[in-house]
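Everything below belongs to coords-v8.tsv, which stores TSV, C-alpha atoms and all ligand atoms.
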```tsv
chain	number	residue	atom	x	y	z
A	1	MET	CA	-20.02	-36.92	31.95
A	2	VAL	CA	-20.93	-40.18	30.27
A	3	ARG	CA	-21.85	-39.77	26.59
A	4	LEU	CA	-24.85	-42.03	26.17
A	5	VAL	CA	-26.78	-43.31	23.18
A	6	TYR	CA	-30.01	-45.03	24.22
A	7	ASP	CA	-31.37	-47.74	21.92
A	8	GLY	CA	-34.83	-49.03	22.80
A	9	ASP	CA	-38.47	-49.76	22.02
A	10	PRO	CA	-40.62	-47.39	24.16
A	11	GLY	CA	-42.51	-49.05	26.00
A	12	ILE	CA	-43.29	-47.78	29.53
A	13	ASP	CA	-39.95	-48.64	31.14
A	14	ASP	CA	-38.01	-47.38	28.09
A	15	ALA	CA	-39.91	-44.09	28.39
A	16	LEU	CA	-38.92	-43.84	32.05
A	17	ALA	CA	-35.32	-44.73	31.15
A	18	ILE	CA	-35.21	-41.92	28.56
A	19	ILE	CA	-36.64	-39.42	31.07
A	20	PHE	CA	-34.16	-40.60	33.71
A	21	ALA	CA	-31.22	-40.33	31.27
A	22	ALA	CA	-32.36	-36.87	30.11
A	23	LYS	CA	-32.61	-35.60	33.68
A	24	CYS	CA	-29.51	-37.23	35.12
A	25	ASP	CA	-26.69	-34.72	35.78
A	26	VAL	CA	-23.82	-37.08	35.00
A	27	LEU	CA	-25.22	-38.31	31.69
A	28	ASP	CA	-25.04	-36.58	28.35
A	29	LEU	CA	-27.91	-38.13	26.38
A	30	GLU	CA	-26.57	-37.75	22.83
A	31	ALA	CA	-29.26	-39.63	20.89
A	32	VAL	CA	-32.15	-42.06	21.11
A	33	THR	CA	-32.36	-44.81	18.53
A	34	THR	CA	-35.45	-46.96	18.19
A	35	VAL	CA	-36.12	-50.58	17.33
A	36	ALA	CA	-39.25	-52.69	16.93
A	37	GLY	CA	-40.04	-54.64	20.09
A	38	ASN	CA	-42.63	-53.71	22.71
A	39	VAL	CA	-44.43	-51.87	19.92
A	40	SER	CA	-43.92	-51.33	16.18
A	41	LEU	CA	-40.94	-49.27	15.07
A	42	GLU	CA	-43.24	-46.40	14.09
A	43	LYS	CA	-44.91	-46.29	17.51
A	44	ALA	CA	-41.58	-46.67	19.34
A	45	THR	CA	-40.12	-43.72	17.40
A	46	LYS	CA	-43.15	-41.52	18.04
A	47	ASN	CA	-43.05	-42.48	21.72
A	48	ALA	CA	-39.37	-41.53	21.98
A	49	LEU	CA	-40.28	-38.10	20.55
A	50	ARG	CA	-43.30	-37.80	22.87
A	51	VAL	CA	-41.16	-38.44	25.93
A	52	LEU	CA	-38.32	-36.14	24.84
A	53	GLY	CA	-40.95	-33.46	24.14
A	54	LEU	CA	-42.30	-33.94	27.65
A	55	VAL	CA	-38.87	-33.41	29.27
A	56	GLY	CA	-38.07	-30.47	26.99
A	57	ARG	CA	-35.23	-32.31	25.25
A	58	LEU	CA	-36.22	-32.24	21.60
A	59	ASP	CA	-32.59	-31.22	20.97
A	60	VAL	CA	-31.75	-34.95	21.38
A	61	PRO	CA	-31.86	-36.59	17.94
A	62	VAL	CA	-34.14	-39.60	17.47
A	63	ALA	CA	-33.32	-42.12	14.75
A	64	ALA	CA	-35.44	-45.09	13.73
A	65	GLY	CA	-33.74	-48.45	13.21
A	66	MET	CA	-34.86	-51.95	12.35
A	67	PRO	CA	-38.62	-52.52	11.86
A	68	HIS	CA	-38.38	-56.26	12.59
A	69	PRO	CA	-36.02	-58.84	14.11
A	70	LEU	CA	-33.18	-60.19	11.94
A	71	VAL	CA	-34.93	-63.38	10.85
A	72	ARG	CA	-38.14	-63.77	12.86
A	73	GLU	CA	-41.60	-62.23	12.87
A	74	LEU	CA	-42.07	-59.37	15.29
A	75	VAL	CA	-44.35	-60.15	18.27
A	76	THR	CA	-45.13	-56.93	20.18
A	77	ALA	CA	-46.24	-56.51	23.81
A	78	GLU	CA	-49.11	-54.00	23.86
A	79	HIS	CA	-50.80	-56.24	26.43
A	80	VAL	CA	-48.08	-55.09	28.89
A	81	HIS	CA	-47.46	-51.51	27.72
A	82	GLY	CA	-50.93	-50.44	26.52
A	83	GLU	CA	-52.29	-49.63	23.08
A	84	ASP	CA	-50.11	-46.51	22.81
A	85	GLY	CA	-47.11	-48.30	24.34
A	86	LEU	CA	-47.01	-45.73	27.14
A	87	GLY	CA	-49.66	-47.07	29.52
A	88	GLU	CA	-52.60	-45.40	27.74
A	89	THR	CA	-51.32	-41.97	28.74
A	90	PHE	CA	-51.67	-40.69	25.17
A	91	LEU	CA	-48.96	-38.03	25.41
A	92	PRO	CA	-49.12	-35.47	22.60
A	93	LEU	CA	-46.75	-35.88	19.66
A	94	PRO	CA	-44.44	-32.86	19.44
A	95	PRO	CA	-43.64	-31.25	16.08
A	96	VAL	CA	-41.63	-33.92	14.30
A	97	GLN	CA	-37.87	-33.34	14.00
A	98	ASP	CA	-36.22	-32.74	10.65
A	99	LYS	CA	-35.66	-36.02	8.88
A	100	CYS	CA	-32.74	-37.50	10.70
A	101	MET	CA	-30.42	-40.35	9.64
A	102	GLY	CA	-31.24	-43.99	10.43
A	103	ALA	CA	-30.29	-45.61	13.75
A	104	ILE	CA	-27.44	-47.77	12.42
A	105	ASP	CA	-25.80	-44.80	10.62
A	106	LEU	CA	-26.21	-42.72	13.74
A	107	ILE	CA	-24.62	-45.32	16.03
A	108	VAL	CA	-21.73	-46.01	13.66
A	109	GLY	CA	-21.18	-42.27	13.08
A	110	LYS	CA	-21.10	-41.48	16.82
A	111	LEU	CA	-18.56	-44.24	17.49
A	112	LEU	CA	-16.31	-43.11	14.63
A	113	ARG	CA	-16.42	-39.49	15.76
A	114	ARG	CA	-15.68	-40.24	19.44
A	115	PRO	CA	-13.77	-43.53	19.59
A	116	GLY	CA	-13.88	-45.09	23.06
A	117	GLU	CA	-16.11	-42.35	24.51
A	118	VAL	CA	-19.68	-43.46	23.83
A	119	THR	CA	-21.71	-45.79	26.05
A	120	LEU	CA	-24.49	-47.61	24.24
A	121	VAL	CA	-27.41	-48.64	26.44
A	122	ALA	CA	-29.57	-51.19	24.60
A	123	CYS	CA	-32.98	-51.82	26.13
A	124	GLY	CA	-34.91	-53.43	23.31
A	125	PRO	CA	-34.27	-56.38	21.01
A	126	LEU	CA	-30.61	-56.22	19.93
A	127	THR	CA	-31.40	-55.90	16.21
A	128	ASN	CA	-29.90	-52.41	15.72
A	129	LEU	CA	-26.76	-53.28	17.67
A	130	ALA	CA	-26.23	-56.49	15.72
A	131	GLU	CA	-26.63	-54.60	12.44
A	132	ALA	CA	-24.13	-51.96	13.62
A	133	TYR	CA	-21.66	-54.65	14.69
A	134	VAL	CA	-21.89	-56.45	11.35
A	135	ARG	CA	-21.36	-53.11	9.60
A	136	MET	CA	-18.44	-52.20	11.88
A	137	PRO	CA	-16.48	-55.32	12.88
A	138	ASP	CA	-14.00	-53.20	14.88
A	139	MET	CA	-16.85	-51.76	16.97
A	140	GLY	CA	-15.24	-53.37	20.04
A	141	GLU	CA	-12.36	-50.88	19.74
A	142	LYS	CA	-14.63	-47.94	19.02
A	143	VAL	CA	-17.30	-48.21	21.72
A	144	GLY	CA	-16.72	-47.24	25.37
A	145	GLU	CA	-19.18	-49.74	26.79
A	146	VAL	CA	-22.35	-51.58	25.81
A	147	ILE	CA	-24.95	-52.03	28.54
A	148	VAL	CA	-27.70	-54.46	27.58
A	149	MET	CA	-30.98	-54.99	29.41
A	150	GLY	CA	-31.87	-58.58	28.64
A	151	GLY	CA	-31.74	-62.23	29.53
A	152	ALA	CA	-32.59	-64.31	32.57
A	153	VAL	CA	-29.68	-66.18	34.15
A	154	ASN	CA	-30.75	-67.83	37.42
A	155	VAL	CA	-34.43	-66.85	37.25
A	156	PRO	CA	-37.31	-67.82	34.92
A	157	GLY	CA	-38.03	-65.71	31.84
A	158	ASN	CA	-40.89	-63.25	31.46
A	159	VAL	CA	-42.18	-64.31	28.00
A	160	THR	CA	-41.66	-68.04	28.40
A	161	PRO	CA	-40.42	-69.96	31.45
A	162	TYR	CA	-36.97	-69.80	29.79
A	163	ALA	CA	-36.64	-66.48	28.01
A	164	GLU	CA	-36.70	-62.75	28.63
A	165	PHE	CA	-38.53	-60.48	26.15
A	166	ASN	CA	-35.65	-58.57	24.50
A	167	VAL	CA	-33.55	-61.69	23.89
A	168	HIS	CA	-36.56	-63.82	22.92
A	169	THR	CA	-37.77	-61.25	20.38
A	170	ASP	CA	-34.50	-61.34	18.41
A	171	PRO	CA	-32.35	-64.24	19.63
A	172	GLU	CA	-30.19	-64.22	16.48
A	173	ALA	CA	-29.24	-60.58	17.12
A	174	ALA	CA	-28.52	-61.36	20.79
A	175	LYS	CA	-26.28	-64.23	19.69
A	176	ILE	CA	-24.23	-61.89	17.48
A	177	ILE	CA	-23.72	-59.50	20.41
A	178	PHE	CA	-23.01	-62.19	23.04
A	179	GLU	CA	-20.48	-63.93	20.78
A	180	SER	CA	-18.79	-60.63	19.86
A	181	ASP	CA	-15.75	-58.95	21.38
A	182	LEU	CA	-17.83	-55.96	22.54
A	183	PRO	CA	-17.34	-54.77	26.16
A	184	VAL	CA	-20.84	-55.80	27.26
A	185	THR	CA	-22.49	-55.53	30.66
A	186	LEU	CA	-25.69	-57.55	30.85
A	187	VAL	CA	-28.54	-56.36	33.09
A	188	PRO	CA	-30.84	-59.42	33.23
A	189	LEU	CA	-34.14	-60.14	34.97
A	190	ASP	CA	-32.09	-61.47	37.91
A	191	VAL	CA	-31.56	-57.85	38.97
A	192	THR	CA	-34.41	-55.98	37.29
A	193	LEU	CA	-37.07	-58.15	38.94
A	194	LYS	CA	-35.62	-57.16	42.30
A	195	THR	CA	-35.85	-53.47	41.42
A	196	LEU	CA	-39.53	-52.80	41.97
A	197	ILE	CA	-41.45	-49.55	42.22
A	198	THR	CA	-44.31	-49.77	44.73
A	199	SER	CA	-47.60	-47.84	44.98
A	200	LYS	CA	-46.03	-45.85	47.82
A	201	ASP	CA	-43.12	-44.86	45.54
A	202	ILE	CA	-45.41	-43.70	42.77
A	203	GLU	CA	-47.46	-41.60	45.20
A	204	GLU	CA	-44.21	-39.93	46.24
A	205	ILE	CA	-43.34	-39.26	42.59
A	206	ARG	CA	-46.83	-37.84	42.01
A	207	GLY	CA	-46.27	-35.46	44.93
A	208	ALA	CA	-43.66	-33.52	42.93
A	209	ASP	CA	-46.56	-32.34	40.76
A	210	THR	CA	-44.86	-31.59	37.44
A	211	PRO	CA	-45.97	-32.66	33.93
A	212	VAL	CA	-43.12	-35.22	33.94
A	213	THR	CA	-44.05	-36.75	37.30
A	214	ASP	CA	-47.72	-36.73	36.32
A	215	PHE	CA	-46.83	-38.84	33.25
A	216	ILE	CA	-44.61	-41.18	35.29
A	217	TYR	CA	-47.39	-41.59	37.85
A	218	ARG	CA	-50.00	-42.46	35.21
A	219	ALA	CA	-47.72	-44.81	33.26
A	220	LEU	CA	-46.58	-46.67	36.40
A	221	ARG	CA	-50.14	-46.86	37.74
A	222	TYR	CA	-51.05	-48.64	34.49
A	223	SER	CA	-48.02	-50.91	34.75
A	224	LEU	CA	-48.72	-51.79	38.40
A	225	ASN	CA	-52.13	-53.09	37.33
A	226	PHE	CA	-50.61	-55.58	34.89
A	227	PRO	CA	-51.38	-58.98	36.50
A	228	GLY	CA	-47.73	-60.13	36.36
A	229	HIS	CA	-46.63	-56.99	38.19
A	230	ARG	CA	-49.45	-57.20	40.75
A	231	ARG	CA	-48.21	-60.69	41.58
A	232	LEU	CA	-44.69	-59.30	42.11
A	233	GLY	CA	-46.02	-56.63	44.48
A	234	GLY	CA	-44.41	-53.87	42.44
A	235	CYS	CA	-43.50	-52.76	39.01
A	236	PRO	CA	-40.08	-53.63	37.52
A	237	ILE	CA	-38.36	-50.74	35.73
A	238	HIS	CA	-35.95	-52.94	33.78
A	239	ASP	CA	-34.58	-50.39	31.32
A	240	VAL	CA	-34.13	-47.69	33.94
A	241	LEU	CA	-31.75	-49.94	35.85
A	242	ALA	CA	-29.65	-50.41	32.69
A	243	VAL	CA	-29.23	-46.61	32.50
A	244	GLY	CA	-28.50	-46.63	36.25
A	245	VAL	CA	-25.57	-48.98	35.62
A	246	ALA	CA	-24.13	-46.36	33.23
A	247	VAL	CA	-24.38	-43.80	36.04
A	248	ASP	CA	-22.90	-45.88	38.85
A	249	ARG	CA	-21.59	-49.42	38.64
A	250	GLY	CA	-21.92	-49.58	42.44
A	251	PHE	CA	-25.68	-50.20	42.17
A	252	VAL	CA	-24.96	-53.79	41.01
A	253	LYS	CA	-22.65	-56.73	41.59
A	254	THR	CA	-21.32	-58.38	38.44
A	255	LYS	CA	-19.54	-61.56	37.47
A	256	LYS	CA	-17.53	-62.13	34.26
A	257	LEU	CA	-19.07	-65.00	32.32
A	258	TYR	CA	-19.36	-66.28	28.79
A	259	VAL	CA	-22.95	-65.80	27.63
A	260	ASN	CA	-24.84	-67.35	24.74
A	261	VAL	CA	-28.44	-67.86	23.72
A	262	VAL	CA	-30.60	-70.72	22.47
A	263	THR	CA	-31.69	-70.14	18.86
A	264	ASP	CA	-32.37	-73.68	17.67
A	265	ASN	CA	-34.96	-75.07	20.09
A	266	LEU	CA	-38.56	-73.84	19.94
A	267	VAL	CA	-39.26	-74.58	23.61
A	268	THR	CA	-36.18	-72.92	25.11
A	269	LEU	CA	-35.78	-70.29	22.36
A	270	GLY	CA	-34.12	-67.14	23.70
A	271	LYS	CA	-32.85	-68.72	26.91
A	272	THR	CA	-29.58	-67.11	28.02
A	273	LEU	CA	-26.86	-69.60	28.92
A	274	VAL	CA	-23.78	-68.72	30.98
A	275	SER	CA	-20.46	-70.43	31.66
A	276	GLU	CA	-17.04	-69.82	33.18
A	277	ASN	CA	-15.44	-71.65	30.22
A	278	ASN	CA	-15.69	-71.08	26.49
A	279	THR	CA	-16.30	-74.68	25.48
A	280	GLY	CA	-19.36	-76.29	23.86
A	281	GLU	CA	-22.06	-73.72	23.05
A	282	PHE	CA	-19.68	-70.95	24.19
A	283	GLU	CA	-16.94	-71.84	21.70
A	284	GLU	CA	-17.75	-68.88	19.43
A	285	CYS	CA	-17.75	-66.36	22.32
A	286	LYS	CA	-14.80	-64.01	21.94
A	287	THR	CA	-14.85	-62.54	25.42
A	288	LYS	CA	-16.52	-62.76	28.82
A	289	ILE	CA	-19.41	-60.42	29.62
A	290	ASN	CA	-20.05	-58.58	32.92
A	291	VAL	CA	-23.28	-60.17	34.11
A	292	CYS	CA	-25.20	-58.33	36.86
A	293	LEU	CA	-26.32	-60.88	39.43
A	294	ASP	CA	-27.25	-58.70	42.38
A	295	VAL	CA	-28.48	-55.15	42.96
A	296	ASN	CA	-28.84	-52.64	45.76
A	297	ALA	CA	-32.45	-52.03	44.74
A	298	GLY	CA	-33.35	-49.68	47.61
A	299	LYS	CA	-30.43	-47.36	46.84
A	300	PHE	CA	-31.20	-47.36	43.11
A	301	ILE	CA	-34.96	-46.72	43.47
A	302	ARG	CA	-34.18	-43.78	45.79
A	303	PHE	CA	-31.78	-42.35	43.21
A	304	PHE	CA	-34.38	-42.79	40.46
A	305	ILE	CA	-37.08	-41.01	42.48
A	306	GLU	CA	-34.74	-38.12	43.35
A	307	THR	CA	-33.67	-37.73	39.71
A	308	VAL	CA	-37.13	-37.70	38.16
A	309	THR	CA	-38.66	-35.45	40.81
A	310	SER	CA	-35.84	-32.88	40.60
A	311	LYS	CA	-36.84	-29.52	39.08
A	401	LIG	C1	-37.69	-55.84	28.67
A	401	LIG	O1	-38.74	-56.14	27.76
A	401	LIG	C2	-39.55	-54.99	27.56
A	401	LIG	O2	-40.89	-55.29	27.74
A	401	LIG	C3	-39.07	-53.94	28.51
A	401	LIG	O3	-39.12	-52.67	27.88
A	401	LIG	C4	-37.67	-54.34	28.84
A	401	LIG	O4	-36.74	-53.80	27.94
A	401	LIG	C5	-37.91	-56.64	29.93
A	401	LIG	O5	-37.94	-58.00	29.64
A	402	CA	CA	-37.39	-52.02	26.38
```

Translate the structure of the given file into structure tokens.
Ligand code: BDR
Ligand code: CA
Amino acid sequence: MVRLVYDGDPGIDDALAIIFAAKCDVLDLEAVTTVAGNVSLEKATKNALRVLGLVGRLDVPVAAGMPHPLVRELVTAEHVHGEDGLGETFLPLPPVQDKCMGAIDLIVGKLLRRPGEVTLVACGPLTNLAEAYVRMPDMGEKVGEVIVMGGAVNVPGNVTPYAEFNVHTDPEAAKIIFESDLPVTLVPLDVTLKTLITSKDIEEIRGADTPVTDFIYRALRYSLNFPGHRRLGGCPIHDVLAVGVAVDRGFVKTKKLYVNVVTDNLVTLGKTLVSENNTGEFEECKTKINVCLDVNAGKFIRFFIETVTSK
């Protein structure tokens, strides 16, 4: 079993990633931590609870983290994820959990208790992770693995022609993580934009006829109608693929590269840069990162559908 802490900003694809993680046999979803990104921190935290309530996993603790990026103003993405952040599905809010600790304390505490055993999957802006790293400079020795959904290496961005949303929202936090010694695997748009759910797939999911599949159907229907996704001919499920990499590395092909991010140019802000050598803008990078550059999308989508439709 992989002990997994999911950090994200639900968001439609984060919600699906949490459901997928909660239902996946080989994953032990130990906690969900939230960060401001697709929606405000408050909405993201409520949405994490809504989704865990839906899958009957309110035993999983939810902890709220940073309400804004390290140095920049938060710009949310309700135009992609809907007013409620979950594709206008308006899931009920379950009875709120007892006041739990904050996200950074939770992450640091988990790593101290189980050194080397916890996989962190970060699918929002990297603000919480950067805060945890600054708090715990030996985090590289304490964490099992860090899987990050973010960046665009050989493809254009999805917020600007250069930058992907999670990295663009908090580029300073991404810089801290990319320059760190953490064992990071990056799941960029290069692979997530190849991993598309089609209308046929969502009809198949709907066929399972459970409250969970009904939610997934409605949320993905909404997402498929987003003009950018209609143009792609399917709906990317970015964050779900990041969880998939925690389940089975065989879904993707990776290359070890130094990674950094533009923080000082307004036009290319948030652009991820990669190199085989740690010279120039990569001088501060302590280690190479596993960058996913290809994916067996058909195999992964099949696995996703089987997992979420299982009873
Ligand atoms: C990422 O940005 C968000 O909109 C999604 O939840 C995903 O984490 C894709 O760029
Ligand atoms: Ca996300």

Fill in: Distance criterion (only C-alpha atoms): nearest to Lys299 of chain A out of A:Pro227, A:Gly270, A:Gly250, A:Pro183
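Distance minimum relative to Lys299 of chain A lands on A:Gly250.
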
Practice prompt. For Thr287 of chain A, list every protein, DNA or RNA residue within 10 Å, evaluated using all atoms listed in the file, and leave out those in the same chain fewer than 4 positions away; present the list as a VMD selection string.
Written response: chain A and resid 178 to 184 256 to 259 278 282

Filtering to C-alpha atoms, could you give me those residues as an mmCIF file, keeping the file's coordinate frame?
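Final output, out.cif:
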```cif
data_model
loop_
_atom_site.group_PDB
_atom_site.id
_atom_site.type_symbol
_atom_site.label_atom_id
_atom_site.label_comp_id
_atom_site.auth_asym_id
_atom_site.auth_seq_id
_atom_site.Cartn_x
_atom_site.Cartn_y
_atom_site.Cartn_z
ATOM 1 C CA PHE A 178 -23.010 -62.190 23.040
ATOM 2 C CA GLU A 179 -20.480 -63.930 20.780
ATOM 3 C CA SER A 180 -18.790 -60.630 19.860
ATOM 4 C CA ASP A 181 -15.750 -58.950 21.380
ATOM 5 C CA LEU A 182 -17.830 -55.960 22.540
ATOM 6 C CA PRO A 183 -17.340 -54.770 26.160
ATOM 7 C CA VAL A 184 -20.840 -55.800 27.260
ATOM 8 C CA LYS A 256 -17.530 -62.130 34.260
ATOM 9 C CA LEU A 257 -19.070 -65.000 32.320
ATOM 10 C CA TYR A 258 -19.360 -66.280 28.790
ATOM 11 C CA VAL A 259 -22.950 -65.800 27.630
ATOM 12 C CA ASN A 278 -15.690 -71.080 26.490
ATOM 13 C CA PHE A 282 -19.680 -70.950 24.190
#
```

Once you count all atoms listed in the file, what closest atom pair and distance in Å to one decimal does each residue of segment 239-311 of chain A within 9 Å of segment 123-137 of chain A have, with rows by chain and rising residue number, as a tab-separated table?
```
residue	atom	partner	partner_atom	distance
A:Asp239	CA	A:Cys123	CA	5.6
A:Val240	CA	A:Cys123	CA	8.9
A:Ala242	CA	A:Cys123	CA	7.5
```

Item to complete: Grab the atom CA of Lys255 of chain A to atom CA of Thr307 of chain A distance for me, in Å with one decimal place.
Response: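 Interatomic distance here is 27.8 Å.
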
Worksheet item: With all atoms listed in the file as the atoms that count, which of A:Val148, A:Lys110, A:Glu30, A:Glu284 lies nearest to Asn166 of chain A?
Response: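 Answer, going by the shortest atom-to-atom distance: A:Val148.
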
Item to complete: Identify, counting only C-alpha atoms and all ligand atoms, the protein, DNA and RNA residues located within 7 Å of ligand LIG 401 (chain A), and give them as a list in words.
Response: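 The residues near ligand LIG 401 (chain A) are Asp9, Pro10, Gly11, Ile12, Asp13, Asp14, Asn38, Ala77, Cys123, Gly124, Met149, Gly150, Asn158, Glu164, Phe165, Asn166, Leu189, His238 and Asp239 of chain A.
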
Worksheet entry | Shortest interatomic distance to Val51 of chain A - which of A:Ile18, A:Gly102, A:Thr34, A:Phe300, counting all atoms listed in the file |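 Among A:Ile18, A:Gly102, A:Thr34, A:Phe300, it is A:Ile18 that comes nearest to Val51 of chain A.
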
Discussion item. From the options A:Asp294, A:Glu88, A:Glu281, A:Asp214, which residue's atoms come nearest to Thr263 of chain A, counting only C-alpha atoms?
Written reply: A:Glu281

Worksheet entry | Interatomic distance, atom CA of Val143 of chain A to atom CA of Leu16 of chain A (Å, one decimal) |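 Distance between the two atoms: 24.4 Å.
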
Practice prompt. Compare A:Ala44, A:Ala174, A:Val212, A:Val2 by their minimum atom-to-atom distance to Gly85 of chain A, counting all atoms listed in the file, and give me the closest one.
Written response: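 Smallest distance to Gly85 of chain A is found for A:Ala44.
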
Worksheet entry | Nearest residue to ligand CA 402 (chain A) from the set A:Ala246, A:Ala31, A:Ala173, A:Ile237 (distances using only C-alpha atoms and all ligand atoms) |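 Checking each of A:Ala246, A:Ala31, A:Ala173, A:Ile237 against ligand CA 402 (chain A), counting only C-alpha atoms and all ligand atoms, the winner is A:Ile237.
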
Contacts of segment 46-141 of chain A with segment 3-6 of chain A up to 10 Å, shortest pair per row, all atoms listed in the file, as a Markdown table:
```
| residue | atom | partner | partner_atom | distance |
| --- | --- | --- | --- | --- |
| A:Val60 | CA | A:Val5 | CA | 9.9 |
| A:Pro61 | CA | A:Val5 | CA | 9.9 |
| A:Val62 | CA | A:Tyr6 | CA | 9.6 |
| A:Leu106 | CA | A:Val5 | CA | 9.5 |
| A:Ile107 | CA | A:Val5 | CA | 7.7 |
| A:Lys110 | CA | A:Val5 | CA | 8.7 |
| A:Arg114 | CA | A:Arg3 | CA | 9.5 |
| A:Glu117 | CA | A:Arg3 | CA | 6.6 |
| A:Val118 | CA | A:Arg3 | CA | 5.1 |
| A:Thr119 | CA | A:Leu4 | CA | 4.9 |
| A:Leu120 | CA | A:Val5 | CA | 5.0 |
| A:Val121 | CA | A:Tyr6 | CA | 5.0 |
| A:Ala122 | CA | A:Tyr6 | CA | 6.2 |
| A:Cys123 | CA | A:Tyr6 | CA | 7.7 |
| A:Gly124 | CA | A:Tyr6 | CA | 9.8 |
```

Worksheet item: Can you tell me how far atom CA of Cys292 of chain A sits from atom CA of Val243 of chain A, in Å to one decimal?
Response: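 Between atom CA of Cys292 of chain A and atom CA of Val243 of chain A the gap works out to 13.1 Å.
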
Discussion item. Every residue with an atom at most 8 Å from (-40.3, -44.7, 18.4) (file coordinates; all atoms listed in the file) is what I'm after, so could you write them as a list of chain:residue names?
Written reply: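 Collected hits near the coordinates: A:Asp9, A:Pro10, A:Thr33, A:Thr34, A:Val35, A:Ser40, A:Leu41, A:Glu42, A:Lys43, A:Ala44, A:Thr45, A:Lys46, A:Asn47, A:Ala48, A:Leu49, A:Ala64.
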
Item to complete: Within 10 Å of (-41.7, -33.1, 42.2) (coordinates as in the file), grab all the protein and nucleic acid residues, counting only C-alpha atoms, and write them out as a PyMOL selection string.
Response: chain A and resi 204-214+305-311
